[in-house]
Structure formats: C-alpha cells, structure tokens
file model.txt (compact mmCIF, C-alpha atoms)
# COMPACT_ATOMS: atom_id res chain seq x y z
CA MET A 65 0.00 0.00 0.00
CA LEU A 66 1.24 3.49 -0.86
CA LYS A 67 2.89 5.05 2.17
CA LYS A 68 2.37 8.52 3.52
CA ARG A 69 5.60 10.40 2.93
CA LEU A 70 7.74 12.35 5.40
CA ILE A 71 9.78 14.97 3.54
CA PRO A 72 12.39 17.27 5.09
CA VAL A 73 12.55 20.63 3.35
CA LEU A 74 15.96 22.21 3.01
CA LEU A 75 15.91 25.92 2.20
CA LEU A 76 19.13 27.00 0.57
CA LYS A 77 20.81 30.40 0.46
CA ASN A 78 24.30 30.82 -0.95
CA GLY A 79 25.00 27.12 -0.54
CA ARG A 80 23.99 27.04 3.12
CA MET A 81 20.79 25.79 4.72
CA VAL A 82 18.54 28.38 6.32
CA LYS A 83 15.29 28.39 8.23
CA THR A 84 12.70 31.17 8.16
CA ILE A 85 9.72 32.29 10.20
CA LYS A 86 6.78 33.42 8.08
CA PHE A 87 9.27 33.60 5.21
CA GLU A 88 11.51 36.08 7.01
CA GLN A 89 14.52 36.09 9.37
CA ALA A 90 16.55 33.50 7.49
CA ARG A 91 18.84 31.81 10.05
CA ASP A 92 21.78 29.64 9.03
CA VAL A 93 21.24 26.04 10.11
CA GLY A 94 24.13 24.28 8.44
CA PHE A 95 25.50 22.61 5.39
CA PRO A 96 22.88 20.99 3.16
CA VAL A 97 24.96 18.06 1.97
CA THR A 98 25.62 16.98 5.57
CA ALA A 99 21.95 17.31 6.44
CA ALA A 100 20.93 15.33 3.37
CA LYS A 101 23.31 12.51 4.29
CA ILE A 102 21.88 12.37 7.79
CA TYR A 103 18.35 12.28 6.45
CA ASP A 104 19.36 9.58 3.99
CA ALA A 105 20.79 7.50 6.84
CA GLN A 106 17.44 7.96 8.57
CA CYS A 107 15.71 6.70 5.43
CA VAL A 108 13.46 9.70 4.85
CA ASP A 109 11.11 9.27 1.95
CA GLU A 110 12.19 12.28 -0.12
CA ILE A 111 13.98 15.58 0.29
CA ILE A 112 12.90 18.96 -1.08
CA PHE A 113 15.62 21.51 -1.83
CA LEU A 114 14.40 25.07 -2.36
CA ASP A 115 16.74 27.89 -3.24
CA ILE A 116 15.25 30.95 -1.58
CA LEU A 117 17.48 33.40 -3.44
CA ALA A 118 15.76 32.27 -6.63
CA SER A 119 18.57 33.75 -8.68
CA VAL A 120 20.91 32.41 -11.34
CA GLN A 121 23.72 32.10 -8.78
CA GLY A 122 21.31 30.44 -6.41
CA ARG A 123 20.42 27.86 -9.03
CA GLN A 124 24.08 27.11 -9.68
CA SER A 125 24.54 26.57 -5.99
CA LEU A 126 21.44 24.35 -5.94
CA ILE A 127 22.85 22.28 -8.80
CA GLU A 128 26.14 21.87 -6.94
CA THR A 129 24.30 20.76 -3.82
CA ILE A 130 22.21 18.20 -5.74
CA ASP A 131 25.33 17.04 -7.54
CA ASN A 132 27.11 16.37 -4.25
CA VAL A 133 24.12 14.77 -2.59
CA THR A 134 23.25 12.43 -5.45
CA LYS A 135 26.72 10.89 -5.41
CA GLU A 136 25.97 9.22 -2.11
CA CYS A 137 22.26 9.43 -1.37
CA PHE A 138 20.02 7.30 -3.53
CA MET A 139 16.64 8.71 -2.76
CA PRO A 140 14.13 11.06 -4.41
CA PHE A 141 14.85 14.79 -4.56
CA THR A 142 12.64 17.67 -5.57
CA ALA A 143 14.44 20.88 -6.46
CA GLY A 144 13.07 24.38 -6.87
CA GLY A 145 13.56 28.07 -6.36
CA GLY A 146 13.74 30.56 -9.22
CA VAL A 147 12.78 28.03 -11.87
CA ARG A 148 11.54 30.14 -14.75
CA SER A 149 11.76 28.11 -17.94
CA LEU A 150 11.72 24.67 -19.49
CA LEU A 151 15.49 24.90 -19.74
CA ASP A 152 15.74 25.53 -15.98
CA ILE A 153 13.62 22.43 -15.38
CA LYS A 154 15.69 20.33 -17.78
CA THR A 155 18.90 21.52 -16.10
CA LEU A 156 17.72 20.49 -12.65
CA LEU A 157 16.42 17.12 -13.85
CA LYS A 158 19.74 16.47 -15.56
CA ALA A 159 21.59 17.40 -12.39
CA GLY A 160 19.80 14.66 -10.49
CA ALA A 161 16.48 16.03 -9.31
CA ASP A 162 13.53 13.70 -9.80
CA LYS A 163 10.93 16.41 -9.60
CA VAL A 164 11.19 20.13 -10.16
CA SER A 165 9.09 22.64 -8.31
CA ILE A 166 7.83 25.82 -9.99
CA ASN A 167 6.22 28.67 -8.09
CA THR A 168 6.35 32.35 -9.14
CA ALA A 169 6.96 31.53 -12.82
CA ALA A 170 3.84 29.34 -12.87
CA VAL A 171 1.67 32.16 -11.51
CA SER A 172 3.15 34.65 -14.01
CA ASP A 173 2.80 32.26 -16.94
CA PRO A 174 0.46 29.37 -16.09
CA ILE A 175 0.97 27.73 -19.48
CA LEU A 176 4.51 26.92 -18.33
CA ILE A 177 2.94 24.16 -16.20
CA ASN A 178 1.30 22.65 -19.24
CA ARG A 179 4.41 22.85 -21.39
CA ALA A 180 6.55 21.38 -18.63
CA ALA A 181 4.11 18.51 -18.07
CA LYS A 182 4.08 17.73 -21.80
CA GLN A 183 7.85 17.78 -22.12
CA PHE A 184 8.92 16.14 -18.87
CA GLY A 185 5.83 14.27 -17.73
CA SER A 186 3.28 15.50 -15.20
CA ALA A 187 4.65 13.27 -12.48
CA ASN A 188 7.88 15.27 -12.41
CA ILE A 189 6.36 18.73 -12.13
CA VAL A 190 5.45 20.06 -8.68
CA VAL A 191 3.65 23.38 -8.36
CA SER A 192 4.65 25.00 -5.12
CA ILE A 193 2.08 27.42 -3.70
CA ASP A 194 2.88 29.97 -0.97
CA TYR A 195 -0.18 31.55 0.55
CA LYS A 196 -1.31 33.68 3.48
CA LYS A 197 -4.39 35.15 5.02
CA THR A 198 -5.41 38.59 3.74
CA PRO A 199 -8.56 40.67 4.23
CA SER A 200 -9.83 39.16 0.98
CA GLY A 201 -9.16 35.54 1.90
CA LYS A 202 -6.22 33.13 1.68
CA LYS A 203 -4.28 34.43 -1.30
CA VAL A 204 -1.33 33.12 -3.28
CA PHE A 205 1.88 35.11 -2.92
CA THR A 206 4.85 35.06 -5.27
CA HIS A 207 8.49 36.15 -5.12
CA GLY A 208 9.18 34.48 -1.83
CA GLY A 209 6.02 35.72 -0.18
CA GLN A 210 6.47 39.35 -1.25
CA ASN A 211 3.78 39.92 -3.89
CA GLU A 212 0.12 39.17 -3.55
CA SER A 213 -1.37 37.58 -6.67
CA ARG A 214 -4.99 37.67 -7.76
CA TRP A 215 -5.41 33.99 -6.96
CA GLU A 216 -7.19 32.46 -4.00
CA VAL A 217 -5.13 29.45 -2.88
CA ILE A 218 -7.62 26.65 -3.63
CA ASP A 219 -8.56 28.12 -7.01
CA TRP A 220 -4.91 28.29 -8.02
CA ALA A 221 -4.27 24.72 -6.86
CA LYS A 222 -7.24 23.55 -8.98
CA GLU A 223 -5.93 25.49 -11.97
CA ALA A 224 -2.42 24.10 -11.55
CA GLU A 225 -3.85 20.58 -11.55
CA ARG A 226 -5.94 21.32 -14.63
CA LEU A 227 -2.83 22.54 -16.44
CA GLY A 228 -0.92 19.35 -15.71
CA ALA A 229 0.89 19.65 -12.39
CA GLY A 230 1.73 16.24 -10.92
CA GLU A 231 1.81 17.37 -7.31
CA ILE A 232 1.06 20.44 -5.20
CA LEU A 233 3.40 21.66 -2.43
CA LEU A 234 1.10 23.76 -0.27
CA ASN A 235 3.03 26.16 1.94
CA SER A 236 1.36 28.36 4.52
CA ILE A 237 3.40 31.53 5.03
CA ASP A 238 1.46 32.26 8.25
CA HIS A 239 2.43 28.88 9.73
CA ASP A 240 6.00 28.79 8.37
CA GLY A 241 8.57 28.37 11.13
CA THR A 242 6.03 28.90 13.92
CA MET A 243 5.95 25.22 14.87
CA LEU A 244 2.32 25.67 15.90
CA GLY A 245 0.89 23.09 13.53
CA TYR A 246 -0.13 22.91 9.88
CA ASP A 247 -3.03 24.84 8.32
CA ILE A 248 -5.28 21.78 8.48
CA GLU A 249 -8.35 23.45 7.01
CA ILE A 250 -6.75 24.50 3.72
CA ILE A 251 -4.76 21.28 3.40
CA ARG A 252 -7.91 19.21 3.80
CA GLU A 253 -9.83 21.33 1.31
CA ALA A 254 -7.08 20.94 -1.27
CA SER A 255 -6.48 17.25 -0.58
CA ASP A 256 -10.18 16.39 -0.84
CA LEU A 257 -10.68 18.43 -3.99
CA LEU A 258 -7.63 17.49 -6.05
CA LYS A 259 -6.83 14.24 -7.83
CA ILE A 260 -3.08 14.86 -7.56
CA PRO A 261 -1.12 14.44 -4.31
CA VAL A 262 -0.83 17.36 -1.91
CA ILE A 263 2.29 17.84 0.19
CA ALA A 264 1.52 19.87 3.32
CA CYS A 265 4.17 22.35 4.41
CA GLY A 266 4.52 25.00 7.09
CA GLY A 267 4.07 24.71 10.85
CA ALA A 268 5.06 21.22 11.99
CA GLY A 269 6.38 21.55 15.55
CA LYS A 270 5.48 18.35 17.34
CA LEU A 271 4.85 14.77 16.30
CA ASN A 272 1.11 15.12 16.75
CA ASP A 273 1.11 17.72 13.95
CA PHE A 274 2.07 14.97 11.50
CA LEU A 275 -0.78 12.80 12.73
CA ALA A 276 -3.24 15.68 12.40
CA VAL A 277 -2.20 16.60 8.87
CA ILE A 278 -2.71 13.01 7.72
CA ASN A 279 -5.87 12.15 9.65
CA ASP A 280 -7.60 15.54 9.53
CA GLY A 281 -5.77 17.21 6.65
CA HIS A 282 -5.86 14.13 4.36
CA ALA A 283 -2.45 15.11 2.97
CA SER A 284 -0.44 12.61 0.90
CA ALA A 285 2.83 13.83 2.36
CA MET A 286 4.17 15.91 5.24
CA ALA A 287 6.97 18.37 4.58
CA ALA A 288 8.81 19.84 7.53
CA GLY A 289 11.86 21.91 8.37
CA SER A 290 11.92 23.53 11.78
CA ILE A 291 10.87 20.47 13.76
CA PHE A 292 13.93 18.57 12.57
CA ASN A 293 16.30 21.54 12.95
CA PHE A 294 15.22 22.97 16.27
CA THR A 295 13.80 20.10 18.30
CA ASP A 296 15.00 16.64 19.22
CA GLN A 297 12.42 15.06 16.98
CA SER A 298 13.77 13.13 14.04
CA PRO A 299 12.20 11.43 11.05
CA ILE A 300 12.80 8.10 12.83
CA LYS A 301 10.80 9.22 15.88
CA ALA A 302 8.13 10.73 13.65
CA ARG A 303 7.66 7.49 11.74
CA ALA A 304 7.57 5.39 14.90
CA TYR A 305 4.95 7.73 16.34
CA LEU A 306 2.80 7.58 13.22
CA LYS A 307 3.15 3.81 13.04
CA GLU A 308 1.76 3.56 16.58
CA TYR A 309 -1.33 5.33 15.34
CA ASN A 310 -1.65 2.94 12.39
CA ILE A 311 -0.62 5.47 9.78
CA ASN A 312 0.85 3.69 6.78
CA VAL A 313 4.46 4.87 6.68
CA ARG A 314 7.76 3.21 5.81
CA PHE A 315 9.64 1.81 8.69
CA ALA A 316 12.87 0.74 7.10
CA LEU A 317 14.94 0.66 10.28
CA MET F 400 31.16 -1.33 -19.09
CA VAL F 401 27.52 -0.33 -18.63
CA ALA F 402 26.02 1.95 -21.25
CA VAL F 403 23.34 4.31 -19.97
CA ILE F 404 21.42 5.76 -22.89
CA ASP F 405 20.94 9.53 -22.96
CA TYR F 406 17.95 10.12 -25.18
CA GLY F 407 17.05 13.49 -23.78
CA VAL F 408 14.32 12.42 -21.38
CA SER F 409 15.98 11.24 -18.29
CA ASN F 410 17.41 11.90 -14.94
CA LEU F 411 20.67 10.24 -15.89
CA LYS F 412 22.83 11.51 -13.10
CA SER F 413 21.15 9.47 -10.38
CA VAL F 414 21.34 6.28 -12.40
CA VAL F 415 25.01 6.87 -13.24
CA ASN F 416 25.84 7.76 -9.64
CA ALA F 417 24.15 4.68 -8.25
CA LEU F 418 25.96 2.39 -10.71
CA GLU F 419 29.31 4.00 -9.98
CA PHE F 420 28.63 3.71 -6.26
CA LEU F 421 28.24 -0.03 -6.87
CA GLY F 422 31.59 -0.11 -8.62
CA ALA F 423 30.46 -0.29 -12.24
CA GLU F 424 32.27 1.39 -15.09
CA VAL F 425 29.62 3.58 -16.71
CA CYS F 426 29.43 5.34 -20.04
CA VAL F 427 26.60 7.70 -21.01
CA VAL F 428 25.88 7.00 -24.66
CA LYS F 429 24.08 8.74 -27.48
CA LYS F 430 25.51 6.89 -30.48
CA ALA F 431 24.98 3.38 -31.78
CA CYS F 432 28.70 2.63 -31.97
CA GLN F 433 29.00 3.23 -28.25
CA LEU F 434 26.40 0.51 -27.59
CA GLU F 435 28.63 -2.03 -29.31
CA LYS F 436 31.36 -1.53 -26.74
CA ALA F 437 29.04 -2.01 -23.76
CA GLU F 438 28.61 -5.27 -21.88
CA ARG F 439 25.22 -4.22 -20.60
CA ILE F 440 22.73 -1.47 -21.47
CA ILE F 441 20.36 0.63 -19.39
CA LEU F 442 17.46 2.68 -20.73
CA PRO F 443 16.37 5.10 -18.00
CA GLY F 444 13.47 7.48 -18.43
CA VAL F 445 11.68 10.38 -16.88
CA GLY F 446 9.25 11.98 -19.30
CA THR F 447 6.51 11.20 -21.76
CA PHE F 448 6.13 8.08 -23.89
CA SER F 449 5.78 9.97 -27.14
CA GLU F 450 8.82 12.15 -26.44
CA GLY F 451 10.88 9.11 -25.50
CA MET F 452 10.05 7.21 -28.70
CA LYS F 453 10.50 10.32 -30.82
CA ASN F 454 13.99 10.84 -29.45
CA LEU F 455 15.04 7.20 -29.79
CA LYS F 456 13.95 7.28 -33.44
CA LYS F 457 15.65 10.60 -34.11
CA MET F 458 18.89 9.32 -32.63
CA LYS F 459 18.62 6.15 -34.76
CA LEU F 460 19.21 3.98 -31.72
CA ILE F 461 16.40 1.47 -32.06
CA LYS F 462 17.88 -1.04 -34.51
CA PRO F 463 21.38 -0.92 -32.94
CA LEU F 464 19.79 -1.44 -29.52
CA GLU F 465 17.83 -4.44 -30.78
CA LYS F 466 20.99 -5.90 -32.30
CA GLU F 467 22.79 -5.72 -28.95
CA VAL F 468 19.86 -6.98 -26.86
CA PHE F 469 18.44 -9.69 -29.13
CA GLY F 470 21.51 -10.49 -31.21
CA HIS F 471 24.27 -10.31 -28.63
CA LYS F 472 21.98 -11.02 -25.67
CA LYS F 473 23.47 -8.23 -23.59
CA PRO F 474 21.70 -7.74 -20.25
CA PHE F 475 19.27 -4.86 -20.63
CA LEU F 476 17.49 -2.84 -17.91
CA GLY F 477 14.64 -0.41 -18.61
CA ILE F 478 13.70 1.97 -15.76
CA CYS F 479 10.31 3.65 -15.41
CA LEU F 480 9.69 5.19 -18.86
CA GLY F 481 12.42 2.81 -20.05
CA MET F 482 10.16 -0.10 -19.03
CA GLN F 483 7.07 1.42 -20.62
CA LEU F 484 8.80 1.97 -23.96
CA LEU F 485 9.20 -1.82 -24.29
CA ALA F 486 5.43 -2.02 -24.90
CA GLU F 487 3.67 -2.17 -28.26
CA SER F 488 2.08 1.21 -27.70
CA GLY F 489 1.51 4.01 -25.23
CA CYS F 490 -0.96 6.87 -24.94
CA GLU F 491 0.97 9.56 -23.07
CA GLY F 492 1.38 12.58 -25.32
CA GLY F 493 -0.89 11.01 -27.95
CA THR F 494 -0.95 7.38 -29.06
CA SER F 495 2.39 6.17 -30.30
CA ARG F 496 4.09 2.90 -31.02
CA GLY F 497 6.63 1.60 -28.55
CA LEU F 498 9.57 -0.68 -29.14
CA GLY F 499 7.21 -3.68 -29.11
CA TRP F 500 9.71 -5.99 -27.42
CA ILE F 501 7.04 -7.17 -25.01
CA LYS F 502 3.35 -7.61 -25.79
CA GLY F 503 1.02 -5.20 -24.06
CA LYS F 504 0.05 -1.55 -23.96
CA VAL F 505 0.86 1.32 -21.64
CA LYS F 506 -2.24 2.73 -20.00
CA LYS F 507 -3.10 5.57 -17.67
CA PHE F 508 -4.19 4.95 -14.09
CA GLU F 509 -7.92 5.72 -13.96
CA ILE F 510 -8.83 4.99 -10.37
CA LYS F 511 -11.47 6.63 -8.26
CA ASN F 512 -10.45 7.72 -4.78
CA LEU F 513 -6.72 7.38 -5.33
CA LYS F 514 -4.29 10.11 -6.29
CA VAL F 515 -2.64 10.05 -9.69
CA PRO F 516 0.36 10.11 -10.27
CA HIS F 517 1.23 7.15 -8.10
CA THR F 518 3.95 8.97 -6.19
CA GLY F 519 5.89 7.55 -3.29
CA TRP F 520 7.02 4.31 -1.70
CA ASP F 521 4.86 1.28 -2.28
CA ASP F 522 5.04 -2.41 -1.47
CA LEU F 523 5.84 -5.07 -4.02
CA VAL F 524 4.65 -8.64 -4.19
CA ILE F 525 7.68 -10.43 -5.51
CA LYS F 526 7.58 -13.70 -7.46
CA LYS F 527 9.38 -16.53 -5.72
CA ASN F 528 13.01 -16.98 -6.82
CA SER F 529 12.93 -13.82 -8.88
CA TYR F 530 16.54 -13.07 -9.88
CA LEU F 531 16.38 -9.30 -9.64
CA PHE F 532 15.12 -9.24 -6.05
CA GLN F 533 17.55 -11.66 -4.45
CA GLY F 534 18.67 -10.26 -1.15
CA VAL F 535 15.71 -7.89 -0.77
CA GLU F 536 14.51 -9.16 2.56
CA LYS F 537 12.13 -7.12 4.63
CA ASP F 538 10.23 -3.93 3.81
CA LYS F 539 9.84 -4.68 0.13
CA ASN F 540 8.98 -1.11 -0.81
CA PHE F 541 10.39 0.90 -3.66
CA TYR F 542 9.93 4.44 -5.01
CA PHE F 543 7.43 5.05 -7.78
CA VAL F 544 6.49 8.23 -9.61
CA HIS F 545 4.26 7.60 -12.61
CA SER F 546 0.80 8.17 -14.03
CA TYR F 547 0.97 5.31 -16.53
CA TYR F 548 1.67 1.60 -16.22
CA PHE F 549 2.61 -1.19 -18.63
CA ASP F 550 -0.25 -3.68 -18.91
CA VAL F 551 1.97 -6.64 -19.82
CA GLU F 552 0.18 -9.45 -21.70
CA GLU F 553 2.81 -12.10 -21.08
CA LYS F 554 2.04 -12.56 -17.39
CA ASN F 555 4.76 -15.16 -16.81
CA ILE F 556 7.54 -12.61 -17.26
CA ILE F 557 6.29 -10.38 -14.45
CA SER F 558 8.74 -10.72 -11.55
CA ALA F 559 7.05 -8.29 -9.16
CA ALA F 560 3.70 -6.58 -8.94
CA CYS F 561 2.28 -3.65 -7.06
CA GLU F 562 -1.30 -2.81 -6.22
CA TYR F 563 -2.62 0.70 -6.71
CA GLY F 564 -6.30 0.52 -7.47
CA LYS F 565 -5.37 -2.36 -9.71
CA ILE F 566 -2.48 -4.80 -9.74
CA PHE F 567 0.15 -3.68 -12.20
CA PRO F 568 3.59 -5.00 -13.17
CA ALA F 569 6.36 -3.42 -11.08
CA ALA F 570 9.20 -5.42 -12.61
CA LEU F 571 9.72 -7.98 -15.32
CA GLN F 572 12.35 -10.29 -16.73
CA LYS F 573 12.35 -11.86 -20.17
CA VAL F 574 15.61 -13.76 -20.61
CA ASN F 575 18.19 -10.92 -20.65
CA ILE F 576 15.64 -8.10 -20.64
CA PHE F 577 14.90 -6.62 -17.21
CA ALA F 578 12.65 -3.69 -16.45
CA THR F 579 11.33 -1.89 -13.40
CA GLN F 580 8.48 0.60 -13.13
CA PHE F 581 9.97 1.91 -9.88
CA HIS F 582 13.25 3.79 -9.69
CA PRO F 583 15.93 1.51 -8.22
CA GLU F 584 18.37 4.44 -8.21
CA LYS F 585 16.00 6.23 -5.85
CA SER F 586 14.96 3.33 -3.68
CA GLN F 587 17.84 3.43 -1.21
CA GLN F 588 19.14 0.04 -0.03
CA ASN F 589 16.48 -2.03 -1.78
CA GLY F 590 17.10 -0.24 -5.04
CA LEU F 591 20.86 -0.61 -4.83
CA LYS F 592 20.39 -4.35 -4.28
CA VAL F 593 18.27 -4.61 -7.43
CA LEU F 594 20.89 -2.71 -9.44
CA GLU F 595 23.64 -4.86 -8.00
CA ASN F 596 21.80 -8.02 -9.04
CA TYR F 597 21.36 -6.64 -12.55
CA LEU F 598 25.08 -5.81 -12.76
CA LEU F 599 25.96 -9.37 -11.81
CA PHE F 600 23.59 -11.05 -14.26
CA LYS F 601 25.30 -13.22 -16.87

call {"tool": "encode", "arguments": {"input": "model.txt", "output": "structure tokens"}}
result
Amino acid sequence: MLKKRLIPVLLLKNGRMVKTIKFEQARDVGFPVTAAKIYDAQCVDEIIFLDILASVQGRQSLIETIDNVTKECFMPFTAGGGVRSLLDIKTLLKAGADKVSINTAAVSDPILINRAAKQFGSANIVVSIDYKKTPSGKKVFTHGGQNESRWEVIDWAKEAERLGAGEILLNSIDHDGTMLGYDIEIIREASDLLKIPVIACGGAGKLNDFLAVINDGHASAMAAGSIFNFTDQSPIKARAYLKEYNINVRFAL
Amino acid sequence: MVAVIDYGVSNLKSVVNALEFLGAEVCVVKKACQLEKAERIILPGVGTFSEGMKNLKKMKLIKPLEKEVFGHKKPFLGICLGMQLLAESGCEGGTSRGLGWIKGKVKKFEIKNLKVPHTGWDDLVIKKNSYLFQGVEKDKNFYFVHSYYFDVEEKNIISAACEYGKIFPAALQKVNIFATQFHPEKSQQNGLKVLENYLLFK
C-alpha cells in the first residue's frame, strides 16, 4: 500500500541551509549536503531543496548541492527556487532532481505548467504554492512571499492541476517556522478536492502535527523543516509515532 | 562497461551515480557505436512516452539497440519510462508505437479515490526466486512516480507486482531483458540491491 511520505525541506541560500519564520529572518542552520546525508541515513522518503534566493547564482549553488548529494544518497529529490523556464527544469532534472518545483513563474505564466508537463511528464512537475491570510481571503503570494497575486489558494491549486501539475506543495506563510501546527483546514480542502497528491508544508512543531495533517488534513505527504532543525524530533521518531497510530508509513529501520 | 542511454528524457545523473557507487564502469551514450562496446545497457526514463520514442527514433538507436539486446543477448534494464517503452504502444502525449519488445500496452491509471500520479514508496509482491530481487529481505517497498503503467500481456515474465487501485507490473524479466516501473536508483538500499543483481547477471 502506498505510504504517507515524510519529507524534510531544506531551504538554501548561498550554498547554506537556512530556516525562516513566516518567510523572514533567514537563520543559518548548516550545510545541506551533511543534512541530506543524515536524512538519507534515517531513510526519509524524499527531500525537497528550495533555493530561496531564486537567482541564477542560487540555481548554480542548488545544482552543486544536488550534484554532491546524489553521489551518495540514492533517494528522491525535488528541487526548486527561481525556476523560470523549461530549460531551468531540464537543467535540474539532468543534475539529479527527480521532480522540479515551480512557483512564481507558474503564476506569471500558467501555461509553463502545461508545457513542462508535456515535455517532462506530469509526475515530475510540482507546483509550489505559498499563501497567506489577507482581508480578501487566503491568497497566493509570489516572489518568496512578497507579492500578492490575484489567486485564491484553492482556485490556483485547482488550476495548476488542470494545467498538468503532478503534485502540489502547499506552503502556509502564516504557519512557516512557527511550529504551531499545519493549516489543516486549507490542506484538507485541497487534498479532498484534487486528484493529484498534496504535500503539506509549514508549521510542523510536534509529532502530533504529523498525525493531524494526515488524519484531519488528508495530505499525501508531510513536509517539515523547523521540527527537525530545532527540536529533538527526528524522522525516525516521527515514523515510529505515526506507526503507533496505524498510519501507513515506511519503517525501514 | 555499462552503457546508460541519454535520449534526452531522463534523470541520468542518479542512475550513473548509483551504478558508480556499486563499482560499475559507466558510459553515457548517445551513439549506436558506443552501444557495441558495452557489456550491458540501461534505458532510463523520466518523461513522456511519445517524447521518449520520438527521441530514440531521431537518434537512430532502435535497430542498434535491438541488435545488442536480441543479437548479442546483452543484459538490458529499462527503468520507469524505459520499461514502458518496451510495450507495443503508449498513450501519453498522444498514441504512439513503442519498441514492441514485449506484448502489451501502456495505460493511464484511472482509479477513483486514489491520487494520480502514483507517487511515493509502495510495497511489491515479488515472485518466488525472482533473480532481480535476491537479497531484498524485509520492507519490500520501492519508489514510484508515474501516471501510466505497462499492462503486460505475457504474465509469466512479471517478476514483481504492485497494487494501486489495480495490480500492475512493477518489474519484469524476459531472458536478458529486465525492467522496473519503480526507480531503483532512488529506492535506497532495496534499489541498490536490485541494481547490483542486474550488474551481476550473466
């Protein structure tokens, strides 16, 4: 039976790992290749690398990181951050990423999703959606949470699926780094509505948050950053905890 | 030497890295003459069926590949799209003919109540004494990421199956032709074991 996935998210800036709170206050938390190796030893299900500089230099640094990681870790990687074109996607896939995440570029030019799905296969295209609460509802933000778009989060997720996205990475800016739990309501709405998998991201702070996002949020996968960087919880503990509650996860160790 | 075919639709790096990690000498090939020098050949694949076939045709690799696999009986491994291309036809990106090495068609998952693509780690039911899975003991799960599956007609060549709404072939072996729907290069220890077994096949 298909397992629920536990996915550490590694935010990258100038070749270093950082953590944010509500997309701000980027704090250095170490060297990504080391972290990836540790996660690999803990048999995590996938890793997501996101370059938050979203620049050409950032992408080069992302490619170098993936290059180093894929020499020794034989597990799935999703890479993203500043991906603007089919060539960017091809470059990251060639470097070793299994899936590529597109965010701002997809909102600016939604047809990019369709073209990418046609060229590389839907299954390899993740649309990453950053959103936060505004007076007019939960809206999609681009450019690292800076610019409000016209899209309401669920509507954009539906549109991304229609255009060919293979997966949605749903990231609550309000919950990011707070470690106060996921935005269960939006995750459940998206998970119940969409045919494609939804990866929940933003807010995991204790093991019970993972249980909640699966049982109440109906997510296919749980992405997390702060909980593994700032607490003594590990993917091993998380999986053991979920297993106790009969959640179908891998338990390779 | 293991030839890994670069036909423009694959995540080659991971496959090459995994093989090198296992001690194999690897060459990424685009030309027919390079296939002749290889002892074994891998066709990876991350992309659409129609694009994959289009590129193989454009690169004039099909007949040379068939000469090496059927003529010289070199061990062959198709991964993910590389497995699907062995079919008679596929429908991703429009209906197109496949290599036709194995009878059957590639179809899309149409299953109510389950997410498509089939993305993540899933359990295999492995045929007894299957060569490719020797040494894969507990936790027989591997990493899949696909929206299509190969509905193989020759059931006796299926060496492992997976259930996702329906039971579909996860791996097959027909003499010297191996193929996996999952990504062994992404399936950690289990995947490395499968690749190791393939590398040792004579």

call {"tool": "residues_near_point", "arguments": {"input": "model.txt", "point": "(11.7, -7.5, 3.2)", "cutoff": "12 Å", "atoms": "all atoms listed in the file", "output": "list in words"}}
result
Arg314, Phe315, Ala316 and Leu317 of chain A; Asp522, Leu523, Val524, Ile525, Phe532, Gln533, Gly534, Val535, Glu536, Lys537, Asp538, Lys539, Asn540, Phe541, Gln588, Asn589 and Lys592 of chain F

call {"tool": "closest_residue", "arguments": {"input": "model.txt", "among": "A:Asp247, A:Asp131, A:Asp115, A:Asp109", "to": "A:Gly146", "atoms": "only C-alpha atoms"}}
result
A:Asp115

call {"tool": "closest_atom_pairs", "arguments": {"input": "model.txt", "of": "stretch 197-266 of chain A", "to": "stretch 167-180 of chain A", "cutoff": "10 Å", "atoms": "only C-alpha atoms", "output": "JSON lines"}}
result
{"residue": "A:Val204", "atom": "CA", "partner": "A:Val171", "partner_atom": "CA", "distance": 8.8}
{"residue": "A:Phe205", "atom": "CA", "partner": "A:Thr168", "partner_atom": "CA", "distance": 8.1}
{"residue": "A:Thr206", "atom": "CA", "partner": "A:Thr168", "partner_atom": "CA", "distance": 5.0}
{"residue": "A:His207", "atom": "CA", "partner": "A:Thr168", "partner_atom": "CA", "distance": 5.9}
{"residue": "A:Gly208", "atom": "CA", "partner": "A:Thr168", "partner_atom": "CA", "distance": 8.1}
{"residue": "A:Gly209", "atom": "CA", "partner": "A:Thr168", "partner_atom": "CA", "distance": 9.6}
{"residue": "A:Asn211", "atom": "CA", "partner": "A:Thr168", "partner_atom": "CA", "distance": 9.6}
{"residue": "A:Ser213", "atom": "CA", "partner": "A:Val171", "partner_atom": "CA", "distance": 7.9}
{"residue": "A:Arg214", "atom": "CA", "partner": "A:Val171", "partner_atom": "CA", "distance": 9.4}
{"residue": "A:Trp215", "atom": "CA", "partner": "A:Val171", "partner_atom": "CA", "distance": 8.6}
{"residue": "A:Trp220", "atom": "CA", "partner": "A:Val171", "partner_atom": "CA", "distance": 8.4}
{"residue": "A:Glu223", "atom": "CA", "partner": "A:Pro174", "partner_atom": "CA", "distance": 8.5}
{"residue": "A:Ala224", "atom": "CA", "partner": "A:Ile177", "partner_atom": "CA", "distance": 7.1}
{"residue": "A:Glu225", "atom": "CA", "partner": "A:Ile177", "partner_atom": "CA", "distance": 9.0}
{"residue": "A:Arg226", "atom": "CA", "partner": "A:Asn178", "partner_atom": "CA", "distance": 8.7}
{"residue": "A:Leu227", "atom": "CA", "partner": "A:Asn178", "partner_atom": "CA", "distance": 5.0}
{"residue": "A:Gly228", "atom": "CA", "partner": "A:Asn178", "partner_atom": "CA", "distance": 5.3}
{"residue": "A:Ala229", "atom": "CA", "partner": "A:Ile177", "partner_atom": "CA", "distance": 6.2}
{"residue": "A:Gly230", "atom": "CA", "partner": "A:Ile177", "partner_atom": "CA", "distance": 9.6}
{"residue": "A:Leu233", "atom": "CA", "partner": "A:Asn167", "partner_atom": "CA", "distance": 9.4}

call {"tool": "interface_residues", "arguments": {"input": "model.txt", "of": "chain A", "to": "chain F", "cutoff": "10 Å", "atoms": "all atoms listed in the file", "output": "MDAnalysis selection string"}}
result
chainID A and resid 65:69 104:105 107:110 130:131 133:141 154:163 180:188 229:231 255:256 258:262 284:285 313:317

call {"tool": "residues_around", "arguments": {"input": "model.txt", "residues": "A:Leu244", "least_positions_apart": "6", "cutoff": "8 Å", "atoms": "only C-alpha atoms", "output": "mmCIF file with C-alpha atoms, in the frame of the given file"}}
result
data_model
loop_
_atom_site.group_PDB
_atom_site.id
_atom_site.type_symbol
_atom_site.label_atom_id
_atom_site.label_comp_id
_atom_site.auth_asym_id
_atom_site.auth_seq_id
_atom_site.Cartn_x
_atom_site.Cartn_y
_atom_site.Cartn_z
ATOM 1 C CA GLY A 267 4.070 24.710 10.850
ATOM 2 C CA ALA A 268 5.060 21.220 11.990
ATOM 3 C CA GLY A 269 6.380 21.550 15.550
#

call {"tool": "atom_distance", "arguments": {"input": "model.txt", "atom1": "atom CA of A:Thr198", "atom2": "atom CA of A:Phe274"}}
result
26.0 Å

call {"tool": "atom_distance", "arguments": {"input": "model.txt", "atom1": "atom CA of F:Met400", "atom2": "atom CA of F:Ile440"}}
result
8.8 Å

call {"tool": "axis_aligned_box", "arguments": {"input": "model.txt", "around": "stretch 303-309 of chain A", "padding_each_side": "5 Å", "output": "JSON"}}
result
{"center_x": 3.2, "center_y": 5.6, "center_z": 14.2, "size_x": 19.0, "size_y": 14.2, "size_z": 14.8}
